[in-house]
Amino acid sequence: MIIESSLQAEATIDREVVNAGDYYLKVVKKGQTVRILDLEGNQAADTLFYNANNVSERYSATDTIREQGNVYLTAGSVLMSNECKPMLKIVADTCGRHDTVGGACATESNTVRYALEKKCMHACRDSWLLAIAENEALGLSKKDITHNINFFMNVPVTSDGKLSFADGISGAGKYVELEALMDVVVLISNCPQLNNPCNAYNPTPIEILIWN
Amino acid sequence: MILYKDTLPSGKHWSMKMRRGTSLRLIDKTGNANVGMLFYNPENLLERYNAPDTLKCQHTFKLTKGHCLYSDMGRIFCAITDDSFGWHDTVCGNTNASMSEKKWGPRDYQNHRNSWKQNGNDAFLVEATKYGLNKQDLAANLNLFSKVEPNDDGALTYSVSQSKAGDFIDLRFEMDTIVLFHTCPHPLNDSAQYPEFEVEYQIFSSATVTDDDLCKNSCAENQRGYENNRLYHLGL
Ligand SMILES: [Zn+2]
């Protein structure tokens, strides 16, 4: 569902461009709004959320999918935690559909999906592992690097039970905006994948904006 | 030859280590069963079942015969070598205590003893904690014998055609694997009463994996997955 935001970029309290292959890690407070902006189009933003006051509570794809009865995320979707509590709500979306079934790329899964020789290509999980290693005070470890959201990614499922990675439906300037329903740690890998159409084979920057 | 077998009614949980070279057959004895399941590598508990990797590398939303169940490290815990049902869910998660209470009333041990209404989340927590794992280690689990269908808009429906008495699935383990499982109801099962069913599980020695094996050759991705397992058993 396409819903445009009324928030003005000039009124942000924080904005940061995240280059392709880099990570973003910041706390967004309850009541604040965070926008993820696809600057050049067709870029996957692999995203995890944690309760900033107790990181053992985190975004849960299964709880979110089950509670909304749908595999896609869009405006109106409420992102649920592993405690089955609402964490964030998607309040605006100019893309229309986001994936939470396909997970993130990792060097190991790349060997299965593409070729054993691709094992040392940069991957989302490496960005996340570096992020949590560089921010030890958060108390996150590999067990917390789990089933994520792929904003701007198109992973259609069909009624006969198939799943594919299709060309992106995002474009330059498209965005998704979320209102935090609790204090959350936002951890994003701006996907470096070069082997599939999720980034149009060309990873590009995204921008993250926060409003009070 | 069956090396071990046992039967669990609904609402129970257990765990075990499945050795490489053995297979696990689960049989729905009554119909309408659900078996929640998670896998961990006993040599490194941080390696665990990964539903997204499993689905995307085999371009499938449903799981059935010919599919492999992958870890987050690009390896195959086990292969689905046979399946009479045809569609197993891995995106809907578990019932939890409040959900179960809302659907079927309170979980009351005092009055119901071991027929109390156990939920999948608590069941997994108990088994996970036996291995030093905690709630942060739980991941999207399998819901064997439960079919959840998407429509073209991605909306999910708990299928009217669930498993029948006698339906079974065979999992052939390709590396040593800690298996956590429960027989709590599927979270989208809205039956008026707490579902009553029975599941038999059998352990037997696997047949040798031949070069023309169905699961190994069902896609190029699985051939590479099997190669990753070969390398793992070399020590890589
Ligand atoms: Zn990625």
# chains A, B, ... in the order shown; residues from 1 in each chain; ligands from 1
call {"tool": "residues_near_ligand", "arguments": {"ligand": "ligand 1", "cutoff": "9 Å", "atoms": "only C-alpha atoms and all ligand atoms", "output": "PDB file with N, CA, C and O atoms, in the first residue's frame"}}
result
ATOM      1  N   GLY A  21      27.448  -1.545   1.085  1.00  0.00           N
ATOM      2  CA  GLY A  21      28.397  -2.427   1.761  1.00  0.00           C
ATOM      3  C   GLY A  21      28.746  -2.002   3.174  1.00  0.00           C
ATOM      4  O   GLY A  21      29.502  -2.691   3.857  1.00  0.00           O
ATOM      5  N   ALA A  44      18.782  -3.048  -1.663  1.00  0.00           N
ATOM      6  CA  ALA A  44      18.224  -3.782  -0.528  1.00  0.00           C
ATOM      7  C   ALA A  44      18.838  -3.285   0.775  1.00  0.00           C
ATOM      8  O   ALA A  44      20.066  -3.185   0.889  1.00  0.00           O
ATOM      9  N   ALA A  45      17.977  -2.945   1.747  1.00  0.00           N
ATOM     10  CA  ALA A  45      18.442  -2.528   3.076  1.00  0.00           C
ATOM     11  C   ALA A  45      18.068  -3.642   4.057  1.00  0.00           C
ATOM     12  O   ALA A  45      16.914  -3.743   4.481  1.00  0.00           O
ATOM     13  N   ASP A  46      19.049  -4.474   4.409  1.00  0.00           N
ATOM     14  CA  ASP A  46      18.800  -5.621   5.292  1.00  0.00           C
ATOM     15  C   ASP A  46      18.813  -5.134   6.731  1.00  0.00           C
ATOM     16  O   ASP A  46      19.842  -4.651   7.211  1.00  0.00           O
ATOM     17  N   GLY A 103      15.640 -13.394   4.100  1.00  0.00           N
ATOM     18  CA  GLY A 103      16.844 -13.306   4.925  1.00  0.00           C
ATOM     19  C   GLY A 103      17.958 -12.520   4.258  1.00  0.00           C
ATOM     20  O   GLY A 103      17.755 -11.851   3.241  1.00  0.00           O
ATOM     21  N   ALA A 104      19.123 -12.582   4.861  1.00  0.00           N
ATOM     22  CA  ALA A 104      20.262 -11.781   4.409  1.00  0.00           C
ATOM     23  C   ALA A 104      21.276 -12.646   3.685  1.00  0.00           C
ATOM     24  O   ALA A 104      21.277 -13.862   3.810  1.00  0.00           O
ATOM     25  N   CYS A 105      22.179 -11.987   2.952  1.00  0.00           N
ATOM     26  CA  CYS A 105      23.274 -12.753   2.363  1.00  0.00           C
ATOM     27  C   CYS A 105      24.369 -12.941   3.408  1.00  0.00           C
ATOM     28  O   CYS A 105      24.573 -12.118   4.296  1.00  0.00           O
ATOM     29  N   ALA A 106      25.032 -14.090   3.312  1.00  0.00           N
ATOM     30  CA  ALA A 106      26.185 -14.409   4.149  1.00  0.00           C
ATOM     31  C   ALA A 106      27.208 -15.073   3.238  1.00  0.00           C
ATOM     32  O   ALA A 106      26.849 -15.618   2.194  1.00  0.00           O
ATOM     33  N   HIS A 122      32.093  -9.898  -0.049  1.00  0.00           N
ATOM     34  CA  HIS A 122      31.478  -9.184   1.067  1.00  0.00           C
ATOM     35  C   HIS A 122      29.972  -9.491   1.121  1.00  0.00           C
ATOM     36  O   HIS A 122      29.319  -9.592   0.084  1.00  0.00           O
ATOM     37  N   ALA A 123      29.459  -9.654   2.350  1.00  0.00           N
ATOM     38  CA  ALA A 123      28.053 -10.029   2.522  1.00  0.00           C
ATOM     39  C   ALA A 123      27.456  -9.290   3.713  1.00  0.00           C
ATOM     40  O   ALA A 123      28.165  -8.834   4.607  1.00  0.00           O
ATOM     41  N   CYS A 124      26.120  -9.219   3.734  1.00  0.00           N
ATOM     42  CA  CYS A 124      25.412  -8.507   4.810  1.00  0.00           C
ATOM     43  C   CYS A 124      25.822  -9.011   6.197  1.00  0.00           C
ATOM     44  O   CYS A 124      26.012  -8.221   7.112  1.00  0.00           O
ATOM     45  N   ARG A 125      25.888 -10.338   6.353  1.00  0.00           N
ATOM     46  CA  ARG A 125      26.183 -10.825   7.706  1.00  0.00           C
ATOM     47  C   ARG A 125      27.546 -10.345   8.192  1.00  0.00           C
ATOM     48  O   ARG A 125      27.734 -10.094   9.384  1.00  0.00           O
ATOM     49  N   ASN A 150      14.116  -7.259   4.566  1.00  0.00           N
ATOM     50  CA  ASN A 150      14.797  -6.699   3.401  1.00  0.00           C
ATOM     51  C   ASN A 150      13.943  -5.582   2.825  1.00  0.00           C
ATOM     52  O   ASN A 150      13.082  -5.823   1.981  1.00  0.00           O
ATOM     53  N   SER A 189      22.319  -3.437   7.273  1.00  0.00           N
ATOM     54  CA  SER A 189      23.400  -3.673   6.323  1.00  0.00           C
ATOM     55  C   SER A 189      22.925  -3.178   4.977  1.00  0.00           C
ATOM     56  O   SER A 189      21.914  -3.660   4.453  1.00  0.00           O
ATOM     57  N   ASN A 190      23.638  -2.205   4.415  1.00  0.00           N
ATOM     58  CA  ASN A 190      23.299  -1.770   3.066  1.00  0.00           C
ATOM     59  C   ASN A 190      23.924  -2.775   2.111  1.00  0.00           C
ATOM     60  O   ASN A 190      25.118  -2.747   1.841  1.00  0.00           O
ATOM     61  N   CYS A 191      23.092  -3.681   1.617  1.00  0.00           N
ATOM     62  CA  CYS A 191      23.519  -4.956   1.020  1.00  0.00           C
ATOM     63  C   CYS A 191      24.572  -4.815  -0.091  1.00  0.00           C
ATOM     64  O   CYS A 191      24.362  -4.097  -1.064  1.00  0.00           O
ATOM     65  N   PRO A 192      25.687  -5.528   0.053  1.00  0.00           N
ATOM     66  CA  PRO A 192      26.748  -5.479  -0.957  1.00  0.00           C
ATOM     67  C   PRO A 192      26.632  -6.542  -2.058  1.00  0.00           C
ATOM     68  O   PRO A 192      27.543  -6.695  -2.874  1.00  0.00           O
ATOM     69  N   GLN A 193      25.513  -7.246  -2.095  1.00  0.00           N
ATOM     70  CA  GLN A 193      25.378  -8.413  -2.996  1.00  0.00           C
ATOM     71  C   GLN A 193      25.562  -8.017  -4.472  1.00  0.00           C
ATOM     72  O   GLN A 193      24.892  -7.115  -4.953  1.00  0.00           O
ATOM     73  N   LEU A 194      26.440  -8.752  -5.150  1.00  0.00           N
ATOM     74  CA  LEU A 194      26.696  -8.488  -6.575  1.00  0.00           C
ATOM     75  C   LEU A 194      26.151  -9.589  -7.476  1.00  0.00           C
ATOM     76  O   LEU A 194      26.282  -9.519  -8.690  1.00  0.00           O
ATOM     77  N   CYS A 198      18.571  -8.236  -6.552  1.00  0.00           N
ATOM     78  CA  CYS A 198      18.028  -7.434  -5.454  1.00  0.00           C
ATOM     79  C   CYS A 198      18.627  -6.034  -5.436  1.00  0.00           C
ATOM     80  O   CYS A 198      18.012  -5.100  -4.961  1.00  0.00           O
ATOM     81  N   ASN A 199      19.856  -5.893  -5.917  1.00  0.00           N
ATOM     82  CA  ASN A 199      20.481  -4.573  -6.013  1.00  0.00           C
ATOM     83  C   ASN A 199      20.677  -4.163  -7.464  1.00  0.00           C
ATOM     84  O   ASN A 199      21.496  -3.294  -7.753  1.00  0.00           O
TER      85      ASN A 199
END
call {"tool": "interface_residues", "arguments": {"of": "chain B", "to": "chain A", "cutoff": "6 Å", "atoms": "only C-alpha atoms", "output": "list in words"}}
result
Pro52, Lys56, Cys57, His59, Thr60, Phe61, Lys62, Met73, Gly74, Val91, Cys92, Gly93, Gln136, Asp137, Pro150, Asn151, Gly154, Ala155, Leu156, Glu221, Arg224 and Gly225 of chain B
call {"tool": "write_last_selection", "arguments": {"atoms": "N, CA and C atoms", "output": "JSON list (two decimals), in the first residue's frame"}}
result
[["chain", "number", "residue", "atom", "x", "y", "z"],
["B", 52, "PRO", "N", 15.28, -18.82, 6.14],
["B", 52, "PRO", "CA", 15.44, -18.02, 4.91],
["B", 52, "PRO", "C", 16.44, -18.64, 3.94],
["B", 56, "LYS", "N", 15.33, -19.74, 0.19],
["B", 56, "LYS", "CA", 15.78, -19.00, -0.98],
["B", 56, "LYS", "C", 16.71, -19.81, -1.85],
["B", 57, "CYS", "N", 17.54, -20.67, -1.26],
["B", 57, "CYS", "CA", 18.48, -21.40, -2.13],
["B", 57, "CYS", "C", 17.78, -22.50, -2.92],
["B", 59, "HIS", "N", 14.51, -21.93, -3.91],
["B", 59, "HIS", "CA", 13.44, -21.19, -4.60],
["B", 59, "HIS", "C", 12.07, -21.74, -4.25],
["B", 60, "THR", "N", 11.87, -21.99, -2.96],
["B", 60, "THR", "CA", 10.61, -22.58, -2.54],
["B", 60, "THR", "C", 10.08, -21.90, -1.29],
["B", 61, "PHE", "N", 8.77, -21.89, -1.17],
["B", 61, "PHE", "CA", 8.12, -21.41, 0.05],
["B", 61, "PHE", "C", 7.67, -22.59, 0.90],
["B", 62, "LYS", "N", 7.27, -23.68, 0.21],
["B", 62, "LYS", "CA", 6.87, -24.89, 0.94],
["B", 62, "LYS", "C", 8.08, -25.83, 1.03],
["B", 73, "MET", "N", 25.27, -21.71, 8.07],
["B", 73, "MET", "CA", 26.65, -21.78, 7.64],
["B", 73, "MET", "C", 26.80, -22.50, 6.29],
["B", 74, "GLY", "N", 25.71, -22.55, 5.53],
["B", 74, "GLY", "CA", 25.76, -23.11, 4.18],
["B", 74, "GLY", "C", 25.84, -24.62, 4.15],
["B", 91, "VAL", "N", 7.40, -20.56, 8.25],
["B", 91, "VAL", "CA", 7.41, -19.10, 8.48],
["B", 91, "VAL", "C", 6.45, -18.63, 9.57],
["B", 92, "CYS", "N", 5.66, -19.52, 10.14],
["B", 92, "CYS", "CA", 4.61, -19.04, 11.06],
["B", 92, "CYS", "C", 4.98, -19.10, 12.54],
["B", 93, "GLY", "N", 6.11, -19.70, 12.88],
["B", 93, "GLY", "CA", 6.55, -19.70, 14.28],
["B", 93, "GLY", "C", 5.69, -20.59, 15.16],
["B", 136, "GLN", "N", 17.25, -16.19, 22.76],
["B", 136, "GLN", "CA", 17.93, -15.54, 21.64],
["B", 136, "GLN", "C", 18.41, -16.54, 20.59],
["B", 137, "ASP", "N", 18.48, -17.81, 20.98],
["B", 137, "ASP", "CA", 18.92, -18.84, 20.04],
["B", 137, "ASP", "C", 17.77, -19.42, 19.22],
["B", 150, "PRO", "N", -0.08, -19.18, 0.70],
["B", 150, "PRO", "CA", -0.15, -17.75, 0.37],
["B", 150, "PRO", "C", -1.04, -17.53, -0.87],
["B", 151, "ASN", "N", -1.71, -16.38, -0.93],
["B", 151, "ASN", "CA", -2.36, -16.03, -2.20],
["B", 151, "ASN", "C", -1.45, -15.04, -2.94],
["B", 154, "GLY", "N", 0.13, -12.33, -0.98],
["B", 154, "GLY", "CA", 0.97, -12.70, 0.15],
["B", 154, "GLY", "C", 0.19, -13.05, 1.41],
["B", 155, "ALA", "N", -1.15, -12.97, 1.34],
["B", 155, "ALA", "CA", -1.97, -13.29, 2.52],
["B", 155, "ALA", "C", -1.93, -14.80, 2.77],
["B", 156, "LEU", "N", -1.81, -15.19, 4.03],
["B", 156, "LEU", "CA", -1.65, -16.60, 4.39],
["B", 156, "LEU", "C", -2.94, -17.19, 4.92],
["B", 221, "GLU", "N", 22.18, -25.80, -6.29],
["B", 221, "GLU", "CA", 22.47, -25.29, -4.94],
["B", 221, "GLU", "C", 22.69, -26.45, -3.97],
["B", 224, "ARG", "N", 26.03, -28.06, -4.24],
["B", 224, "ARG", "CA", 27.05, -27.27, -3.53],
["B", 224, "ARG", "C", 26.89, -27.39, -2.01],
["B", 225, "GLY", "N", 25.66, -27.51, -1.54],
["B", 225, "GLY", "CA", 25.44, -27.74, -0.11],
["B", 225, "GLY", "C", 26.09, -29.05, 0.34]]
call {"tool": "residues_around", "arguments": {"residues": "stretch 27-35 of chain B", "least_positions_apart": "4", "cutoff": "10 Å", "atoms": "only C-alpha atoms", "output": "number ranges by chain"}}
result
B: 7-13, 83-85, 88-89, 120, 141-147, 161-170, 181-187, 189, 195-202
call {"tool": "atom_distance", "arguments": {"atom1": "atom CA of B:Lys5", "atom2": "atom CA of B:Ser205"}}
result
12.7 Å
call {"tool": "residues_around", "arguments": {"residues": "A:Glu40", "least_positions_apart": "4", "cutoff": "8 Å", "atoms": "only C-alpha atoms", "output": "PyMOL selection string"}}
result
chain A and resi 171-173+204-206
call {"tool": "residues_around", "arguments": {"residues": "B:Asp72", "least_positions_apart": "2", "cutoff": "7 Å", "atoms": "only C-alpha atoms", "output": "VMD selection string"}}
result
chain B and resid 47 to 50 53 70 74
call {"tool": "residues_around", "arguments": {"residues": "A:Ala11", "least_positions_apart": "4", "cutoff": "10 Å", "atoms": "only C-alpha atoms", "output": "PDB file with N, CA and C atoms, in the first residue's frame"}}
result
ATOM      1  N   LEU A   7       6.315  14.300   6.481  1.00  0.00           N
ATOM      2  CA  LEU A   7       7.487  14.848   7.173  1.00  0.00           C
ATOM      3  C   LEU A   7       8.438  15.533   6.187  1.00  0.00           C
ATOM      4  N   LEU A 209      16.986   8.863   7.871  1.00  0.00           N
ATOM      5  CA  LEU A 209      16.572  10.141   8.480  1.00  0.00           C
ATOM      6  C   LEU A 209      15.715   9.842   9.703  1.00  0.00           C
ATOM      7  N   ILE A 210      15.906  10.642  10.742  1.00  0.00           N
ATOM      8  CA  ILE A 210      15.136  10.462  11.978  1.00  0.00           C
ATOM      9  C   ILE A 210      14.429  11.767  12.361  1.00  0.00           C
ATOM     10  N   TRP A 211      13.176  11.663  12.733  1.00  0.00           N
ATOM     11  CA  TRP A 211      12.401  12.818  13.221  1.00  0.00           C
ATOM     12  C   TRP A 211      11.921  12.560  14.645  1.00  0.00           C
ATOM     13  N   ASN A 212      11.800  13.628  15.408  1.00  0.00           N
ATOM     14  CA  ASN A 212      11.193  13.530  16.739  1.00  0.00           C
ATOM     15  C   ASN A 212       9.682  13.400  16.629  1.00  0.00           C
TER      16      ASN A 212
END
call {"tool": "residues_around", "arguments": {"residues": "B:Ile178", "least_positions_apart": "4", "cutoff": "7 Å", "atoms": "only C-alpha atoms", "output": "MDAnalysis selection string"}}
result
chainID B and resid 16:18 39:42
call {"tool": "write_last_selection", "arguments": {"atoms": "all heavy atoms", "output": "CSV table (one decimal), in the first residue's frame"}}
result
chain,number,residue,atom,x,y,z
B,16,MET,N,17.0,-34.5,21.1
B,16,MET,CA,18.0,-35.5,21.0
B,16,MET,C,19.1,-35.1,20.0
B,16,MET,O,18.9,-34.1,19.3
B,16,MET,CB,17.3,-36.8,20.4
B,16,MET,CG,16.6,-36.6,19.1
B,16,MET,SD,15.3,-37.8,18.9
B,16,MET,CE,14.6,-37.2,17.3
B,17,LYS,N,20.1,-36.0,19.9
B,17,LYS,CA,21.1,-35.7,18.9
B,17,LYS,C,20.9,-36.8,17.8
B,17,LYS,O,21.0,-38.0,18.1
B,17,LYS,CB,22.5,-35.9,19.5
B,17,LYS,CG,23.6,-35.3,18.6
B,17,LYS,CD,25.0,-35.7,19.0
B,17,LYS,CE,25.5,-35.1,20.3
B,17,LYS,NZ,26.8,-35.5,20.7
B,18,MET,N,20.7,-36.3,16.6
B,18,MET,CA,20.7,-37.3,15.5
B,18,MET,C,22.1,-37.3,14.9
B,18,MET,O,22.7,-36.3,14.6
B,18,MET,CB,19.7,-36.7,14.4
B,18,MET,CG,18.2,-36.9,14.8
B,18,MET,SD,17.7,-38.6,15.0
B,18,MET,CE,17.9,-39.3,13.4
B,39,PHE,N,17.0,-27.1,14.6
B,39,PHE,CA,18.3,-27.8,14.5
B,39,PHE,C,19.5,-27.0,15.0
B,39,PHE,O,19.5,-25.8,14.7
B,39,PHE,CB,18.6,-28.3,13.1
B,39,PHE,CG,17.5,-29.1,12.5
B,39,PHE,CD1,17.0,-28.7,11.2
B,39,PHE,CD2,17.0,-30.2,13.1
B,39,PHE,CE1,16.0,-29.5,10.6
B,39,PHE,CE2,16.0,-31.0,12.5
B,39,PHE,CZ,15.5,-30.6,11.2
B,40,TYR,N,20.4,-27.6,15.7
B,40,TYR,CA,21.7,-26.9,16.1
B,40,TYR,C,22.9,-27.9,15.8
B,40,TYR,O,22.7,-29.1,15.9
B,40,TYR,CB,21.7,-26.5,17.6
B,40,TYR,CG,20.5,-25.6,17.8
B,40,TYR,CD1,19.3,-26.1,18.1
B,40,TYR,CD2,20.8,-24.2,17.8
B,40,TYR,CE1,18.2,-25.2,18.3
B,40,TYR,CE2,19.7,-23.3,18.0
B,40,TYR,CZ,18.4,-23.8,18.3
B,40,TYR,OH,17.4,-22.9,18.5
B,41,ASN,N,24.0,-27.4,15.6
B,41,ASN,CA,25.2,-28.2,15.4
B,41,ASN,C,25.8,-28.4,16.8
B,41,ASN,O,26.3,-27.5,17.5
B,41,ASN,CB,26.2,-27.5,14.5
B,41,ASN,CG,27.5,-28.2,14.4
B,41,ASN,OD1,27.7,-29.3,15.0
B,41,ASN,ND2,28.4,-27.7,13.5
B,42,PRO,N,25.9,-29.7,17.3
B,42,PRO,CA,26.5,-29.9,18.6
B,42,PRO,C,27.9,-29.5,18.8
B,42,PRO,O,28.4,-29.2,19.9
B,42,PRO,CB,26.3,-31.4,18.8
B,42,PRO,CG,26.1,-32.0,17.5
B,42,PRO,CD,25.5,-30.9,16.6
call {"tool": "select_by_dssp", "arguments": {"residues": "stretch 7-218 of chain B", "states": "strand (DSSP E)", "output": "PyMOL selection string"}}
result
chain B and resi 7-9+13-18+22-28+35-41+44-48+68-70+76-83+142-144+148-150+156-158+168-173+177-182+198-205
call {"tool": "select_by_dssp", "arguments": {"residues": "stretch 70-158 of chain A", "states": "helix (DSSP H, G or I)", "output": "list in words"}}
result
Thr107, Glu108, Ser109, Asn110, Thr111, Val112, Arg113, Leu116, Glu117, Lys118, Cys124, Arg125, Asp126, Ser127, Trp128, Leu129, Leu130, Ala131, Ile132, Ala133, Glu134, Glu136, Ala137, Leu138, Lys142, Lys143 and Asp144 of chain A
call {"tool": "write_last_selection", "arguments": {"atoms": "C-alpha atoms", "output": "PDB file, in the first residue's frame"}}
result
ATOM      1  CA  THR A 107      29.486 -15.613   2.764  1.00  0.00           C
ATOM      2  CA  GLU A 108      28.483 -19.206   3.540  1.00  0.00           C
ATOM      3  CA  SER A 109      25.044 -19.040   1.949  1.00  0.00           C
ATOM      4  CA  ASN A 110      26.624 -17.339  -1.077  1.00  0.00           C
ATOM      5  CA  THR A 111      28.662 -20.511  -1.662  1.00  0.00           C
ATOM      6  CA  VAL A 112      25.411 -22.486  -1.891  1.00  0.00           C
ATOM      7  CA  ARG A 113      23.478 -19.966  -3.948  1.00  0.00           C
ATOM      8  CA  LEU A 116      31.916 -22.171  -3.833  1.00  0.00           C
ATOM      9  CA  GLU A 117      34.539 -19.759  -5.197  1.00  0.00           C
ATOM     10  CA  LYS A 118      32.449 -16.755  -4.064  1.00  0.00           C
ATOM     11  CA  CYS A 124      25.412  -8.507   4.810  1.00  0.00           C
ATOM     12  CA  ARG A 125      26.183 -10.825   7.706  1.00  0.00           C
ATOM     13  CA  ASP A 126      29.824  -9.690   7.687  1.00  0.00           C
ATOM     14  CA  SER A 127      28.650  -6.086   8.027  1.00  0.00           C
ATOM     15  CA  TRP A 128      26.416  -6.994  10.959  1.00  0.00           C
ATOM     16  CA  LEU A 129      29.106  -9.054  12.678  1.00  0.00           C
ATOM     17  CA  LEU A 130      31.509  -6.130  12.383  1.00  0.00           C
ATOM     18  CA  ALA A 131      28.818  -3.779  13.689  1.00  0.00           C
ATOM     19  CA  ILE A 132      28.212  -5.808  16.842  1.00  0.00           C
ATOM     20  CA  ALA A 133      31.941  -6.405  17.353  1.00  0.00           C
ATOM     21  CA  GLU A 134      32.610  -2.650  17.126  1.00  0.00           C
ATOM     22  CA  GLU A 136      30.321  -4.456  22.178  1.00  0.00           C
ATOM     23  CA  ALA A 137      28.494  -2.424  24.827  1.00  0.00           C
ATOM     24  CA  LEU A 138      25.199  -3.357  23.199  1.00  0.00           C
ATOM     25  CA  LYS A 142      26.089 -13.941  16.552  1.00  0.00           C
ATOM     26  CA  LYS A 143      22.967 -15.529  18.020  1.00  0.00           C
ATOM     27  CA  ASP A 144      21.246 -12.147  17.665  1.00  0.00           C
TER      28      ASP A 144
END
call {"tool": "atom_distance", "arguments": {"atom1": "atom CA of B:Leu3", "atom2": "atom CA of B:Met37"}}
result
20.9 Å
call {"tool": "decode", "arguments": {"residues": "stretch 43-62 of chain B", "atoms": "N, CA and C atoms", "output": "PDB file, in the first residue's frame"}}
result
ATOM      1  N   GLU B  43      28.650 -29.400  17.679  1.00  0.00           N
ATOM      2  CA  GLU B  43      30.061 -28.971  17.753  1.00  0.00           C
ATOM      3  C   GLU B  43      30.184 -27.455  17.873  1.00  0.00           C
ATOM      4  N   ASN B  44      29.159 -26.744  17.458  1.00  0.00           N
ATOM      5  CA  ASN B  44      29.162 -25.284  17.524  1.00  0.00           C
ATOM      6  C   ASN B  44      27.710 -24.840  17.542  1.00  0.00           C
ATOM      7  N   LEU B  45      27.210 -24.615  18.757  1.00  0.00           N
ATOM      8  CA  LEU B  45      25.772 -24.344  18.912  1.00  0.00           C
ATOM      9  C   LEU B  45      25.322 -23.078  18.191  1.00  0.00           C
ATOM     10  N   LEU B  46      26.299 -22.232  17.814  1.00  0.00           N
ATOM     11  CA  LEU B  46      25.935 -21.007  17.085  1.00  0.00           C
ATOM     12  C   LEU B  46      25.524 -21.298  15.650  1.00  0.00           C
ATOM     13  N   GLU B  47      25.776 -22.536  15.189  1.00  0.00           N
ATOM     14  CA  GLU B  47      25.295 -22.915  13.856  1.00  0.00           C
ATOM     15  C   GLU B  47      23.915 -23.541  14.018  1.00  0.00           C
ATOM     16  N   ARG B  48      22.920 -22.981  13.362  1.00  0.00           N
ATOM     17  CA  ARG B  48      21.553 -23.434  13.559  1.00  0.00           C
ATOM     18  C   ARG B  48      20.727 -23.393  12.279  1.00  0.00           C
ATOM     19  N   TYR B  49      19.556 -24.050  12.343  1.00  0.00           N
ATOM     20  CA  TYR B  49      18.643 -24.063  11.185  1.00  0.00           C
ATOM     21  C   TYR B  49      18.343 -22.643  10.748  1.00  0.00           C
ATOM     22  N   ASN B  50      18.377 -22.424   9.441  1.00  0.00           N
ATOM     23  CA  ASN B  50      18.094 -21.105   8.904  1.00  0.00           C
ATOM     24  C   ASN B  50      17.013 -21.223   7.827  1.00  0.00           C
ATOM     25  N   ALA B  51      15.806 -20.820   8.206  1.00  0.00           N
ATOM     26  CA  ALA B  51      14.675 -20.941   7.283  1.00  0.00           C
ATOM     27  C   ALA B  51      14.863 -20.094   6.017  1.00  0.00           C
ATOM     28  N   PRO B  52      15.276 -18.817   6.143  1.00  0.00           N
ATOM     29  CA  PRO B  52      15.439 -18.023   4.909  1.00  0.00           C
ATOM     30  C   PRO B  52      16.438 -18.644   3.939  1.00  0.00           C
ATOM     31  N   ASP B  53      17.578 -19.085   4.448  1.00  0.00           N
ATOM     32  CA  ASP B  53      18.569 -19.686   3.544  1.00  0.00           C
ATOM     33  C   ASP B  53      18.016 -20.946   2.897  1.00  0.00           C
ATOM     34  N   THR B  54      17.268 -21.734   3.684  1.00  0.00           N
ATOM     35  CA  THR B  54      16.674 -22.967   3.167  1.00  0.00           C
ATOM     36  C   THR B  54      15.697 -22.672   2.031  1.00  0.00           C
ATOM     37  N   LEU B  55      14.850 -21.675   2.237  1.00  0.00           N
ATOM     38  CA  LEU B  55      13.833 -21.355   1.234  1.00  0.00           C
ATOM     39  C   LEU B  55      14.457 -20.728  -0.006  1.00  0.00           C
ATOM     40  N   LYS B  56      15.334 -19.742   0.195  1.00  0.00           N
ATOM     41  CA  LYS B  56      15.778 -18.996  -0.984  1.00  0.00           C
ATOM     42  C   LYS B  56      16.714 -19.814  -1.851  1.00  0.00           C
ATOM     43  N   CYS B  57      17.543 -20.673  -1.263  1.00  0.00           N
ATOM     44  CA  CYS B  57      18.479 -21.403  -2.129  1.00  0.00           C
ATOM     45  C   CYS B  57      17.781 -22.500  -2.915  1.00  0.00           C
ATOM     46  N   GLN B  58      16.560 -22.865  -2.491  1.00  0.00           N
ATOM     47  CA  GLN B  58      15.817 -23.871  -3.254  1.00  0.00           C
ATOM     48  C   GLN B  58      14.594 -23.272  -3.941  1.00  0.00           C
ATOM     49  N   HIS B  59      14.508 -21.930  -3.913  1.00  0.00           N
ATOM     50  CA  HIS B  59      13.444 -21.186  -4.599  1.00  0.00           C
ATOM     51  C   HIS B  59      12.067 -21.743  -4.247  1.00  0.00           C
ATOM     52  N   THR B  60      11.874 -21.994  -2.959  1.00  0.00           N
ATOM     53  CA  THR B  60      10.608 -22.579  -2.544  1.00  0.00           C
ATOM     54  C   THR B  60      10.085 -21.901  -1.291  1.00  0.00           C
ATOM     55  N   PHE B  61       8.765 -21.893  -1.166  1.00  0.00           N
ATOM     56  CA  PHE B  61       8.121 -21.406   0.050  1.00  0.00           C
ATOM     57  C   PHE B  61       7.666 -22.589   0.899  1.00  0.00           C
ATOM     58  N   LYS B  62       7.271 -23.680   0.214  1.00  0.00           N
ATOM     59  CA  LYS B  62       6.867 -24.891   0.937  1.00  0.00           C
ATOM     60  C   LYS B  62       8.076 -25.827   1.033  1.00  0.00           C
TER      61      LYS B  62
END
